[in-house]
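> My structure is in upload_8.cif, and what it holds is mmCIF, N, CA and C atoms:
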```cif
data_run
#
loop_
_atom_site.label_atom_id
_atom_site.label_comp_id
_atom_site.auth_asym_id
_atom_site.auth_seq_id
_atom_site.Cartn_x
_atom_site.Cartn_y
_atom_site.Cartn_z
N MET A 608 -60.76 -44.12 30.43
CA MET A 608 -60.66 -43.66 31.81
C MET A 608 -61.34 -42.30 31.90
N ALA A 609 -62.09 -42.08 32.92
CA ALA A 609 -62.76 -40.79 33.08
C ALA A 609 -61.73 -39.69 33.20
N SER A 610 -61.88 -38.66 32.38
CA SER A 610 -60.86 -37.63 32.28
C SER A 610 -60.70 -36.80 33.54
N LYS A 611 -61.70 -36.74 34.38
CA LYS A 611 -61.63 -35.90 35.58
C LYS A 611 -61.13 -36.64 36.81
N LEU A 612 -60.89 -37.93 36.69
CA LEU A 612 -60.43 -38.70 37.85
C LEU A 612 -59.05 -38.28 38.29
N ARG A 613 -58.86 -38.23 39.58
CA ARG A 613 -57.56 -37.94 40.20
C ARG A 613 -57.09 -39.19 40.93
N ALA A 614 -55.84 -39.21 41.32
CA ALA A 614 -55.29 -40.35 42.05
C ALA A 614 -56.12 -40.65 43.29
N ARG A 615 -56.55 -39.63 43.98
CA ARG A 615 -57.34 -39.82 45.21
C ARG A 615 -58.69 -40.48 44.93
N ASP A 616 -59.20 -40.35 43.68
CA ASP A 616 -60.46 -40.97 43.30
C ASP A 616 -60.29 -42.46 43.00
N ILE A 617 -59.09 -42.85 42.62
CA ILE A 617 -58.81 -44.23 42.19
C ILE A 617 -58.29 -45.08 43.35
N MET A 618 -57.57 -44.47 44.26
CA MET A 618 -56.84 -45.20 45.31
C MET A 618 -57.75 -45.89 46.32
N SER A 619 -57.16 -46.82 47.04
CA SER A 619 -57.76 -47.37 48.25
C SER A 619 -57.15 -46.58 49.40
N GLY A 620 -57.96 -45.98 50.21
CA GLY A 620 -57.47 -45.18 51.33
C GLY A 620 -57.06 -46.03 52.52
N GLY A 621 -56.49 -45.38 53.49
CA GLY A 621 -56.15 -46.05 54.74
C GLY A 621 -54.95 -46.97 54.67
N ALA A 622 -54.00 -46.67 53.79
CA ALA A 622 -52.80 -47.50 53.70
C ALA A 622 -52.07 -47.51 55.04
N ARG A 623 -51.62 -48.67 55.45
CA ARG A 623 -50.88 -48.82 56.70
C ARG A 623 -49.41 -49.01 56.38
N CYS A 624 -48.56 -48.40 57.17
CA CYS A 624 -47.10 -48.50 57.00
C CYS A 624 -46.50 -49.47 57.98
N VAL A 625 -45.42 -50.10 57.56
CA VAL A 625 -44.56 -50.81 58.49
C VAL A 625 -43.44 -49.83 58.82
N GLY A 626 -43.06 -49.76 60.05
CA GLY A 626 -41.99 -48.85 60.44
C GLY A 626 -40.64 -49.33 59.93
N ALA A 627 -39.80 -48.39 59.56
CA ALA A 627 -38.48 -48.73 59.01
C ALA A 627 -37.66 -49.57 59.98
N HIS A 628 -37.87 -49.39 61.28
CA HIS A 628 -37.10 -50.12 62.28
C HIS A 628 -37.78 -51.42 62.73
N GLU A 629 -38.97 -51.69 62.19
CA GLU A 629 -39.64 -52.95 62.51
C GLU A 629 -38.99 -54.07 61.69
N SER A 630 -39.11 -55.28 62.16
CA SER A 630 -38.46 -56.40 61.50
C SER A 630 -39.27 -56.88 60.28
N LEU A 631 -38.59 -57.65 59.45
CA LEU A 631 -39.28 -58.27 58.31
C LEU A 631 -40.33 -59.25 58.80
N MET A 632 -40.11 -59.85 59.95
CA MET A 632 -41.12 -60.72 60.55
C MET A 632 -42.37 -59.92 60.87
N ASP A 633 -42.18 -58.73 61.44
CA ASP A 633 -43.32 -57.85 61.74
C ASP A 633 -44.04 -57.47 60.45
N ALA A 634 -43.27 -57.15 59.41
CA ALA A 634 -43.86 -56.78 58.12
C ALA A 634 -44.66 -57.94 57.55
N ALA A 635 -44.11 -59.15 57.62
CA ALA A 635 -44.80 -60.33 57.09
C ALA A 635 -46.11 -60.57 57.85
N LYS A 636 -46.08 -60.42 59.16
CA LYS A 636 -47.30 -60.61 59.95
C LYS A 636 -48.34 -59.54 59.61
N MET A 637 -47.88 -58.31 59.40
CA MET A 637 -48.79 -57.23 59.03
C MET A 637 -49.42 -57.51 57.66
N MET A 638 -48.61 -58.00 56.72
CA MET A 638 -49.14 -58.36 55.40
C MET A 638 -50.19 -59.45 55.52
N ARG A 639 -49.90 -60.44 56.33
CA ARG A 639 -50.86 -61.53 56.55
C ARG A 639 -52.16 -60.99 57.14
N ASP A 640 -52.04 -60.20 58.18
CA ASP A 640 -53.23 -59.69 58.87
C ASP A 640 -54.07 -58.77 57.99
N LEU A 641 -53.40 -58.00 57.12
CA LEU A 641 -54.11 -57.07 56.24
C LEU A 641 -54.49 -57.70 54.91
N ASP A 642 -54.00 -58.93 54.68
CA ASP A 642 -54.23 -59.64 53.43
C ASP A 642 -53.74 -58.83 52.22
N VAL A 643 -52.49 -58.37 52.33
CA VAL A 643 -51.84 -57.62 51.24
C VAL A 643 -50.47 -58.23 50.96
N GLY A 644 -49.94 -57.94 49.80
CA GLY A 644 -48.62 -58.46 49.43
C GLY A 644 -47.56 -57.40 49.39
N CYS A 645 -47.91 -56.20 49.84
CA CYS A 645 -46.97 -55.08 49.78
C CYS A 645 -47.34 -54.08 50.87
N LEU A 646 -46.31 -53.48 51.45
CA LEU A 646 -46.54 -52.45 52.47
C LEU A 646 -45.62 -51.26 52.22
N PRO A 647 -46.13 -50.06 52.46
CA PRO A 647 -45.26 -48.90 52.48
C PRO A 647 -44.38 -48.97 53.73
N ILE A 648 -43.18 -48.45 53.62
CA ILE A 648 -42.27 -48.34 54.77
C ILE A 648 -42.22 -46.87 55.14
N CYS A 649 -42.47 -46.57 56.41
CA CYS A 649 -42.42 -45.20 56.88
C CYS A 649 -41.30 -45.03 57.89
N GLY A 650 -40.66 -43.89 57.83
CA GLY A 650 -39.57 -43.58 58.75
C GLY A 650 -40.09 -43.03 60.06
N ASP A 651 -39.16 -42.61 60.91
CA ASP A 651 -39.52 -42.09 62.23
C ASP A 651 -40.42 -40.87 62.15
N ASN A 652 -40.31 -40.11 61.04
CA ASN A 652 -41.13 -38.91 60.87
C ASN A 652 -42.49 -39.24 60.24
N ASN A 653 -42.80 -40.52 60.13
CA ASN A 653 -44.05 -41.02 59.56
C ASN A 653 -44.19 -40.69 58.07
N ARG A 654 -43.08 -40.43 57.42
CA ARG A 654 -43.09 -40.16 55.98
C ARG A 654 -42.67 -41.41 55.21
N LEU A 655 -43.24 -41.56 54.04
CA LEU A 655 -42.95 -42.69 53.17
C LEU A 655 -41.47 -42.70 52.80
N MET A 656 -40.84 -43.87 52.96
CA MET A 656 -39.43 -43.97 52.59
C MET A 656 -39.13 -45.21 51.75
N GLY A 657 -40.13 -46.02 51.49
CA GLY A 657 -39.90 -47.19 50.66
C GLY A 657 -41.13 -48.07 50.60
N MET A 658 -40.96 -49.17 49.89
CA MET A 658 -42.01 -50.18 49.77
C MET A 658 -41.36 -51.53 49.96
N ILE A 659 -42.11 -52.45 50.53
CA ILE A 659 -41.60 -53.81 50.70
C ILE A 659 -42.70 -54.78 50.28
N THR A 660 -42.30 -55.82 49.56
CA THR A 660 -43.27 -56.82 49.11
C THR A 660 -42.99 -58.15 49.81
N ASP A 661 -43.98 -59.02 49.74
CA ASP A 661 -43.78 -60.36 50.29
C ASP A 661 -42.65 -61.07 49.56
N ARG A 662 -42.53 -60.81 48.27
CA ARG A 662 -41.46 -61.41 47.48
C ARG A 662 -40.08 -60.91 47.95
N ASP A 663 -39.98 -59.62 48.29
CA ASP A 663 -38.72 -59.08 48.82
C ASP A 663 -38.28 -59.87 50.04
N ILE A 664 -39.22 -60.14 50.93
CA ILE A 664 -38.91 -60.86 52.16
C ILE A 664 -38.43 -62.27 51.86
N VAL A 665 -39.13 -62.94 50.97
CA VAL A 665 -38.78 -64.33 50.64
C VAL A 665 -37.43 -64.42 49.93
N VAL A 666 -37.25 -63.61 48.89
CA VAL A 666 -36.05 -63.73 48.04
C VAL A 666 -34.80 -63.20 48.72
N THR A 667 -34.90 -62.04 49.37
CA THR A 667 -33.68 -61.43 49.92
C THR A 667 -33.38 -61.83 51.36
N CYS A 668 -34.32 -62.50 51.99
CA CYS A 668 -34.11 -62.87 53.39
C CYS A 668 -34.24 -64.38 53.58
N CYS A 669 -35.43 -64.86 53.47
CA CYS A 669 -35.69 -66.29 53.75
C CYS A 669 -34.88 -67.22 52.86
N ALA A 670 -34.83 -66.94 51.57
CA ALA A 670 -34.10 -67.81 50.63
C ALA A 670 -32.60 -67.79 50.88
N GLU A 671 -32.13 -66.77 51.56
CA GLU A 671 -30.70 -66.66 51.89
C GLU A 671 -30.40 -67.21 53.28
N GLY A 672 -31.42 -67.73 53.95
CA GLY A 672 -31.22 -68.32 55.26
C GLY A 672 -31.10 -67.30 56.38
N VAL A 673 -31.56 -66.08 56.13
CA VAL A 673 -31.49 -65.02 57.14
C VAL A 673 -32.80 -65.01 57.93
N ASP A 674 -32.70 -64.88 59.23
CA ASP A 674 -33.87 -64.83 60.10
C ASP A 674 -34.59 -63.50 59.90
N PRO A 675 -35.84 -63.51 59.42
CA PRO A 675 -36.55 -62.26 59.16
C PRO A 675 -36.79 -61.42 60.42
N ALA A 676 -36.66 -62.01 61.58
CA ALA A 676 -36.82 -61.25 62.82
C ALA A 676 -35.61 -60.38 63.11
N THR A 677 -34.51 -60.61 62.38
CA THR A 677 -33.28 -59.86 62.64
C THR A 677 -32.99 -58.77 61.61
N VAL A 678 -33.86 -58.61 60.62
CA VAL A 678 -33.63 -57.63 59.55
C VAL A 678 -34.69 -56.55 59.63
N GLN A 679 -34.26 -55.29 59.58
CA GLN A 679 -35.19 -54.17 59.62
C GLN A 679 -35.84 -53.96 58.25
N ALA A 680 -37.13 -53.66 58.26
CA ALA A 680 -37.87 -53.45 57.02
C ALA A 680 -37.25 -52.34 56.17
N GLY A 681 -36.74 -51.31 56.80
CA GLY A 681 -36.15 -50.18 56.08
C GLY A 681 -34.95 -50.55 55.23
N SER A 682 -34.33 -51.69 55.53
CA SER A 682 -33.15 -52.09 54.76
C SER A 682 -33.52 -52.61 53.37
N LEU A 683 -34.81 -52.89 53.13
CA LEU A 683 -35.25 -53.40 51.83
C LEU A 683 -36.11 -52.41 51.06
N GLY A 684 -36.04 -51.16 51.41
CA GLY A 684 -36.90 -50.15 50.79
C GLY A 684 -36.81 -50.02 49.29
N GLY A 685 -35.63 -50.07 48.72
CA GLY A 685 -35.46 -49.98 47.28
C GLY A 685 -35.88 -48.65 46.69
N LYS A 686 -35.95 -48.59 45.38
CA LYS A 686 -36.34 -47.38 44.65
C LYS A 686 -37.81 -47.09 44.90
N LEU A 687 -38.12 -45.85 45.17
CA LEU A 687 -39.48 -45.47 45.53
C LEU A 687 -40.12 -44.60 44.46
N HIS A 688 -41.31 -44.99 44.05
CA HIS A 688 -42.13 -44.19 43.14
C HIS A 688 -43.44 -43.92 43.86
N TRP A 689 -43.95 -42.71 43.74
CA TRP A 689 -45.22 -42.33 44.35
C TRP A 689 -45.89 -41.30 43.46
N ILE A 690 -47.14 -41.01 43.77
CA ILE A 690 -47.89 -40.03 42.98
C ILE A 690 -48.63 -39.09 43.92
N ASP A 691 -48.76 -37.85 43.51
CA ASP A 691 -49.50 -36.85 44.27
C ASP A 691 -51.00 -37.20 44.19
N ALA A 692 -51.69 -37.05 45.28
CA ALA A 692 -53.12 -37.36 45.34
C ALA A 692 -53.92 -36.55 44.32
N ASP A 693 -53.42 -35.39 43.92
CA ASP A 693 -54.13 -34.54 42.96
C ASP A 693 -53.73 -34.80 41.51
N ALA A 694 -52.82 -35.73 41.27
CA ALA A 694 -52.42 -36.06 39.90
C ALA A 694 -53.60 -36.67 39.16
N ASP A 695 -53.69 -36.38 37.86
CA ASP A 695 -54.81 -36.97 37.12
C ASP A 695 -54.53 -38.43 36.79
N ALA A 696 -55.60 -39.11 36.45
CA ALA A 696 -55.54 -40.56 36.24
C ALA A 696 -54.55 -40.95 35.15
N SER A 697 -54.40 -40.13 34.14
CA SER A 697 -53.45 -40.47 33.07
C SER A 697 -52.02 -40.45 33.60
N GLU A 698 -51.73 -39.56 34.55
CA GLU A 698 -50.39 -39.53 35.17
C GLU A 698 -50.15 -40.80 35.99
N VAL A 699 -51.18 -41.26 36.67
CA VAL A 699 -51.08 -42.50 37.45
C VAL A 699 -50.70 -43.65 36.54
N LEU A 700 -51.45 -43.79 35.47
CA LEU A 700 -51.22 -44.87 34.52
C LEU A 700 -49.84 -44.77 33.90
N ARG A 701 -49.46 -43.58 33.49
CA ARG A 701 -48.15 -43.36 32.87
C ARG A 701 -47.02 -43.73 33.83
N SER A 702 -47.14 -43.35 35.09
CA SER A 702 -46.10 -43.65 36.07
C SER A 702 -45.98 -45.16 36.31
N MET A 703 -47.11 -45.83 36.46
CA MET A 703 -47.08 -47.27 36.71
C MET A 703 -46.52 -48.02 35.50
N GLU A 704 -46.89 -47.57 34.31
CA GLU A 704 -46.38 -48.22 33.09
C GLU A 704 -44.88 -47.95 32.92
N GLU A 705 -44.49 -46.70 33.08
CA GLU A 705 -43.08 -46.31 32.88
C GLU A 705 -42.14 -47.05 33.83
N HIS A 706 -42.57 -47.20 35.06
CA HIS A 706 -41.71 -47.83 36.08
C HIS A 706 -41.99 -49.32 36.26
N HIS A 707 -42.93 -49.84 35.48
CA HIS A 707 -43.30 -51.27 35.55
C HIS A 707 -43.64 -51.69 36.97
N ILE A 708 -44.53 -50.91 37.59
CA ILE A 708 -44.93 -51.21 38.96
C ILE A 708 -46.43 -51.49 39.02
N LYS A 709 -46.80 -52.32 39.99
CA LYS A 709 -48.19 -52.73 40.14
C LYS A 709 -48.88 -52.07 41.33
N ARG A 710 -48.11 -51.36 42.14
CA ARG A 710 -48.65 -50.68 43.31
C ARG A 710 -47.99 -49.32 43.41
N LEU A 711 -48.79 -48.29 43.66
CA LEU A 711 -48.28 -46.93 43.68
C LEU A 711 -48.82 -46.19 44.90
N PRO A 712 -47.92 -45.80 45.81
CA PRO A 712 -48.37 -45.02 46.97
C PRO A 712 -48.88 -43.64 46.53
N VAL A 713 -49.90 -43.16 47.22
CA VAL A 713 -50.48 -41.85 46.94
C VAL A 713 -50.17 -40.93 48.11
N ILE A 714 -49.54 -39.81 47.80
CA ILE A 714 -49.13 -38.83 48.81
C ILE A 714 -49.93 -37.55 48.64
N ASP A 715 -50.46 -37.03 49.74
CA ASP A 715 -51.16 -35.74 49.72
C ASP A 715 -50.10 -34.66 49.94
N VAL A 716 -49.58 -34.15 48.86
CA VAL A 716 -48.49 -33.16 48.94
C VAL A 716 -48.96 -31.91 49.66
N LYS A 717 -50.15 -31.42 49.32
CA LYS A 717 -50.68 -30.20 49.95
C LYS A 717 -51.05 -30.44 51.42
N GLY A 718 -51.32 -31.67 51.77
CA GLY A 718 -51.75 -32.01 53.13
C GLY A 718 -50.62 -32.49 54.01
N GLY A 719 -49.43 -31.94 53.84
CA GLY A 719 -48.32 -32.29 54.71
C GLY A 719 -47.48 -33.45 54.22
N HIS A 720 -47.61 -33.78 52.96
CA HIS A 720 -46.81 -34.84 52.34
C HIS A 720 -47.00 -36.18 53.03
N GLN A 721 -48.26 -36.47 53.37
CA GLN A 721 -48.59 -37.70 54.08
C GLN A 721 -49.12 -38.76 53.12
N LEU A 722 -48.84 -40.01 53.44
CA LEU A 722 -49.37 -41.13 52.69
C LEU A 722 -50.87 -41.22 52.95
N VAL A 723 -51.68 -41.21 51.88
CA VAL A 723 -53.13 -41.26 52.06
C VAL A 723 -53.76 -42.50 51.44
N GLY A 724 -53.00 -43.24 50.64
CA GLY A 724 -53.57 -44.44 50.04
C GLY A 724 -52.61 -45.13 49.09
N MET A 725 -53.14 -46.18 48.45
CA MET A 725 -52.37 -46.96 47.47
C MET A 725 -53.24 -47.18 46.25
N ILE A 726 -52.59 -47.18 45.10
CA ILE A 726 -53.27 -47.56 43.87
C ILE A 726 -52.67 -48.88 43.42
N THR A 727 -53.55 -49.85 43.21
CA THR A 727 -53.13 -51.18 42.78
C THR A 727 -53.77 -51.50 41.43
N GLU A 728 -53.39 -52.65 40.90
CA GLU A 728 -54.00 -53.10 39.65
C GLU A 728 -55.51 -53.22 39.79
N ALA A 729 -55.98 -53.66 40.94
CA ALA A 729 -57.42 -53.78 41.16
C ALA A 729 -58.11 -52.43 41.06
N ASN A 730 -57.47 -51.39 41.60
CA ASN A 730 -58.03 -50.04 41.50
C ASN A 730 -58.12 -49.60 40.04
N LEU A 731 -57.07 -49.91 39.27
CA LEU A 731 -57.08 -49.55 37.86
C LEU A 731 -58.18 -50.30 37.12
N ALA A 732 -58.33 -51.58 37.42
CA ALA A 732 -59.33 -52.40 36.74
C ALA A 732 -60.74 -51.84 36.92
N LYS A 733 -60.98 -51.20 38.05
CA LYS A 733 -62.30 -50.61 38.30
C LYS A 733 -62.52 -49.33 37.51
N ASN A 734 -61.42 -48.72 37.01
CA ASN A 734 -61.52 -47.41 36.37
C ASN A 734 -61.07 -47.36 34.91
N LEU A 735 -60.56 -48.46 34.39
CA LEU A 735 -60.06 -48.51 33.02
C LEU A 735 -61.00 -49.29 32.12
N SER A 736 -60.95 -48.97 30.85
CA SER A 736 -61.69 -49.77 29.87
C SER A 736 -60.92 -51.06 29.63
N ASP A 737 -61.55 -52.03 28.99
CA ASP A 737 -60.87 -53.29 28.69
C ASP A 737 -59.62 -53.05 27.86
N ALA A 738 -59.70 -52.15 26.89
CA ALA A 738 -58.55 -51.85 26.04
C ALA A 738 -57.41 -51.24 26.86
N GLU A 739 -57.74 -50.34 27.78
CA GLU A 739 -56.72 -49.72 28.62
C GLU A 739 -56.08 -50.74 29.56
N ILE A 740 -56.87 -51.67 30.07
CA ILE A 740 -56.34 -52.72 30.94
C ILE A 740 -55.36 -53.59 30.16
N ALA A 741 -55.73 -53.96 28.95
CA ALA A 741 -54.86 -54.78 28.10
C ALA A 741 -53.55 -54.05 27.81
N GLU A 742 -53.64 -52.75 27.50
CA GLU A 742 -52.44 -51.97 27.21
C GLU A 742 -51.56 -51.84 28.45
N PHE A 743 -52.18 -51.59 29.59
CA PHE A 743 -51.42 -51.51 30.84
C PHE A 743 -50.70 -52.81 31.13
N ALA A 744 -51.42 -53.93 31.04
CA ALA A 744 -50.81 -55.24 31.31
C ALA A 744 -49.65 -55.50 30.36
N ASN A 745 -49.82 -55.17 29.11
CA ASN A 745 -48.75 -55.37 28.13
C ASN A 745 -47.51 -54.55 28.49
N ARG A 746 -47.71 -53.31 28.88
CA ARG A 746 -46.56 -52.44 29.19
C ARG A 746 -45.88 -52.79 30.50
N VAL A 747 -46.66 -53.20 31.50
CA VAL A 747 -46.08 -53.49 32.80
C VAL A 747 -45.45 -54.88 32.85
N TYR A 748 -46.09 -55.85 32.20
CA TYR A 748 -45.61 -57.22 32.28
C TYR A 748 -44.72 -57.62 31.13
N ALA A 749 -44.60 -56.77 30.12
CA ALA A 749 -43.74 -57.11 28.98
C ALA A 749 -42.29 -57.18 29.45
N THR A 750 -41.59 -58.15 28.96
CA THR A 750 -40.17 -58.28 29.32
C THR A 750 -39.32 -57.66 28.23
N ALA A 751 -38.15 -57.19 28.62
CA ALA A 751 -37.25 -56.60 27.64
C ALA A 751 -36.84 -57.67 26.64
N GLY A 752 -36.87 -57.31 25.38
CA GLY A 752 -36.59 -58.31 24.36
C GLY A 752 -35.34 -58.17 23.68
#
```
The structure in this file should be written as structure tokens.

Amino acid sequence: MASKLRARDIMSGGARCVGAHESLMDAAKMMRDLDVGCLPICGDNNRLMGMITDRDIVVTCCAEGVDPATVQAGSLGGKLHWIDADADASEVLRSMEEHHIKRLPVIDVKGGHQLVGMITEANLAKNLSDAEIAEFANRVYATAG
């Protein structure tokens, strides 16, 4: 990985949030329209407060027979991990590996603590060597033994 890369160099910019008070149906439609499997959840102050995946919607709502139009996205936020836009690439990798996550929101701490992008596996693949990709996949997808 290039030693001078920062999170902002690796990320995809323009991340869109689903509002915490919007329904899971709204979140699902937004995922469909954006062709993504995960969305950041933002609160009334437009600050990041969680993440929601398509799997979250299916497993915790649809599979339980709950109407996704009646559940607010903010109720499924879960544990949140993010990275400062100025963090170096090794910190990005370390955070994703440590927390076993495949998507990492990027926050511009100096710029008002606003969400500025997302780092996904695809972003890493463009910036990692084959050996680093293999190591990342092993650490993130390895199951506890």
> Between A:Met632, A:Leu735, A:Val716, A:Ile648, which has the minimum distance to A:Ile690 (counting only N, CA and C atoms)?
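Result for the nearest residue to A:Ile690: A:Val716.
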> Which is closest to A:Met656 among A:Ala692, A:Met637, A:Leu687, A:Cys668, if we use only C-alpha atoms?
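Closest residue, counting only C-alpha atoms: A:Leu687.
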> For A:Lys611, which of A:Asp661, A:Asp651, A:Asp695, A:Asp633 is the closest residue, counting all atoms listed in the file?
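With all atoms listed in the file as the atom set, the closest residue is A:Asp695.
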> Name the residues of chain A that fall into helix (DSSP H, G or I) according to DSSP on the backbone, using the chain letters and numbers of this document, as an MDAnalysis selection string.
chainID A and resid 614:617 631:641 661:667 669:671 675:677 680:683 696:706 728:734 737:748
> Figure out the distance between atom CA of A:Phe743 and atom CA of A:Gln721, please, to one decimal in Å.
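Separation between atom CA of A:Gln721 and atom CA of A:Phe743: 27.2 Å.
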> For a cut-off of 8 Å around (-36.3, -60.5, 66.0), file coordinates, pick out all residues using only N, CA and C atoms and list them as a VMD selection string.
chain A and resid 630 to 633 674 to 678
> What is the atom N of A:Leu683 to atom N of A:Met725 distance in Å?
20.1 Å
> Please produce, as CSV, a per-residue contact table for stretch 649-700 of chain A versus stretch 717-720 of chain A (criterion: any atom at most 8 Å away, only N, CA and C atoms considered), showing the nearest atom pair and its distance in Å to one decimal, sorted by chain then residue number.

```
residue,atom,partner,partner_atom,distance
A:Asn653,C,A:His720,C,7.3
A:Arg654,CA,A:His720,C,6.3
A:Leu655,N,A:His720,C,6.6
A:Asp691,CA,A:Lys717,N,7.4
A:Ala692,N,A:Lys717,N,7.1
A:Asp693,N,A:Lys717,N,7.5
```
> Please extract the residues of chain A with a backbone DSSP assignment of strand (DSSP E or B) and present them as a ChimeraX atom specification.
/A:613,619-620,625-626,630,645-649,655-660,679,690-691,695,710-715,721-727
> One decimal, Å: what's the distance from atom N of A:Gly620 over to atom CA of A:Gly724, could you say?
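These atoms are spaced 4.7 Å apart.
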> List as a list in words the protein and nucleic acid residues near stretch 697-712 of chain A, meaning an atom at most 6 Å away when only C-alpha atoms are counted, but skip any in the same chain fewer than 5 places from it.
Trp689, Met725, Ile726, Thr727, Glu728, Arg746 and Val747 of chain A
> Return as a list in words the set of residues that the PyMOL selection byres ((chain A and resi 685) around 8) yields on the displayed structure.
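Going through the file, the PyMOL selection byres ((chain A and resi 685) around 8) ends up selecting Met656, Gly657, Met658, Ile659, Ala680, Gly681, Ser682, Leu683, Gly684, Lys686, Leu687 and His688 of chain A.
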> Name the closest residue to A:Cys624 among the candidates A:Glu671, A:Leu646, A:Ala744, A:Glu739; distances are taken between atoms, counting all atoms listed in the file.
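Going through A:Glu671, A:Leu646, A:Ala744, A:Glu739 one by one, the smallest distance to A:Cys624 is for A:Leu646.
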> Smallest atom-to-atom distance to A:Cys669: which of A:Ala729, A:Ala635, A:Ala696, A:Ala614, using only C-alpha atoms?
A:Ala635
> When distances are computed from only N, CA and C atoms, which of A:Met638, A:Leu731, A:Asn745, A:Cys649 shows the smallest separation from A:Met618?
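Closest residue, counting only N, CA and C atoms: A:Leu731.
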> When you get a chance, write out N, CA, C and O atoms for stretch 669-680 of chain A, as a short mmCIF file (atom, residue, chain, number, x, y, z; two decimals), in the frame of the given file.

```cif
data_model
loop_
_atom_site.label_atom_id
_atom_site.label_comp_id
_atom_site.auth_asym_id
_atom_site.auth_seq_id
_atom_site.Cartn_x
_atom_site.Cartn_y
_atom_site.Cartn_z
N CYS A 669 -35.43 -64.86 53.47
CA CYS A 669 -35.69 -66.29 53.75
C CYS A 669 -34.88 -67.22 52.86
O CYS A 669 -34.29 -68.19 53.34
N ALA A 670 -34.83 -66.94 51.57
CA ALA A 670 -34.10 -67.81 50.63
C ALA A 670 -32.60 -67.79 50.88
O ALA A 670 -31.89 -68.72 50.49
N GLU A 671 -32.13 -66.77 51.56
CA GLU A 671 -30.70 -66.66 51.89
C GLU A 671 -30.40 -67.21 53.28
O GLU A 671 -29.27 -67.12 53.75
N GLY A 672 -31.42 -67.73 53.95
CA GLY A 672 -31.22 -68.32 55.26
C GLY A 672 -31.10 -67.30 56.38
O GLY A 672 -30.62 -67.62 57.47
N VAL A 673 -31.56 -66.08 56.13
CA VAL A 673 -31.49 -65.02 57.14
C VAL A 673 -32.80 -65.01 57.93
O VAL A 673 -33.89 -65.13 57.36
N ASP A 674 -32.70 -64.88 59.23
CA ASP A 674 -33.87 -64.83 60.10
C ASP A 674 -34.59 -63.50 59.90
O ASP A 674 -34.02 -62.44 60.18
N PRO A 675 -35.84 -63.51 59.42
CA PRO A 675 -36.55 -62.26 59.16
C PRO A 675 -36.79 -61.42 60.42
O PRO A 675 -37.05 -60.23 60.32
N ALA A 676 -36.66 -62.01 61.58
CA ALA A 676 -36.82 -61.25 62.82
C ALA A 676 -35.61 -60.38 63.11
O ALA A 676 -35.67 -59.50 63.96
N THR A 677 -34.51 -60.61 62.38
CA THR A 677 -33.28 -59.86 62.64
C THR A 677 -32.99 -58.77 61.61
O THR A 677 -31.98 -58.08 61.71
N VAL A 678 -33.86 -58.61 60.62
CA VAL A 678 -33.63 -57.63 59.55
C VAL A 678 -34.69 -56.55 59.63
O VAL A 678 -35.89 -56.84 59.73
N GLN A 679 -34.26 -55.29 59.58
CA GLN A 679 -35.19 -54.17 59.62
C GLN A 679 -35.84 -53.96 58.25
O GLN A 679 -35.18 -54.05 57.21
N ALA A 680 -37.13 -53.66 58.26
CA ALA A 680 -37.87 -53.45 57.02
C ALA A 680 -37.25 -52.34 56.17
O ALA A 680 -37.20 -52.44 54.95
#
```
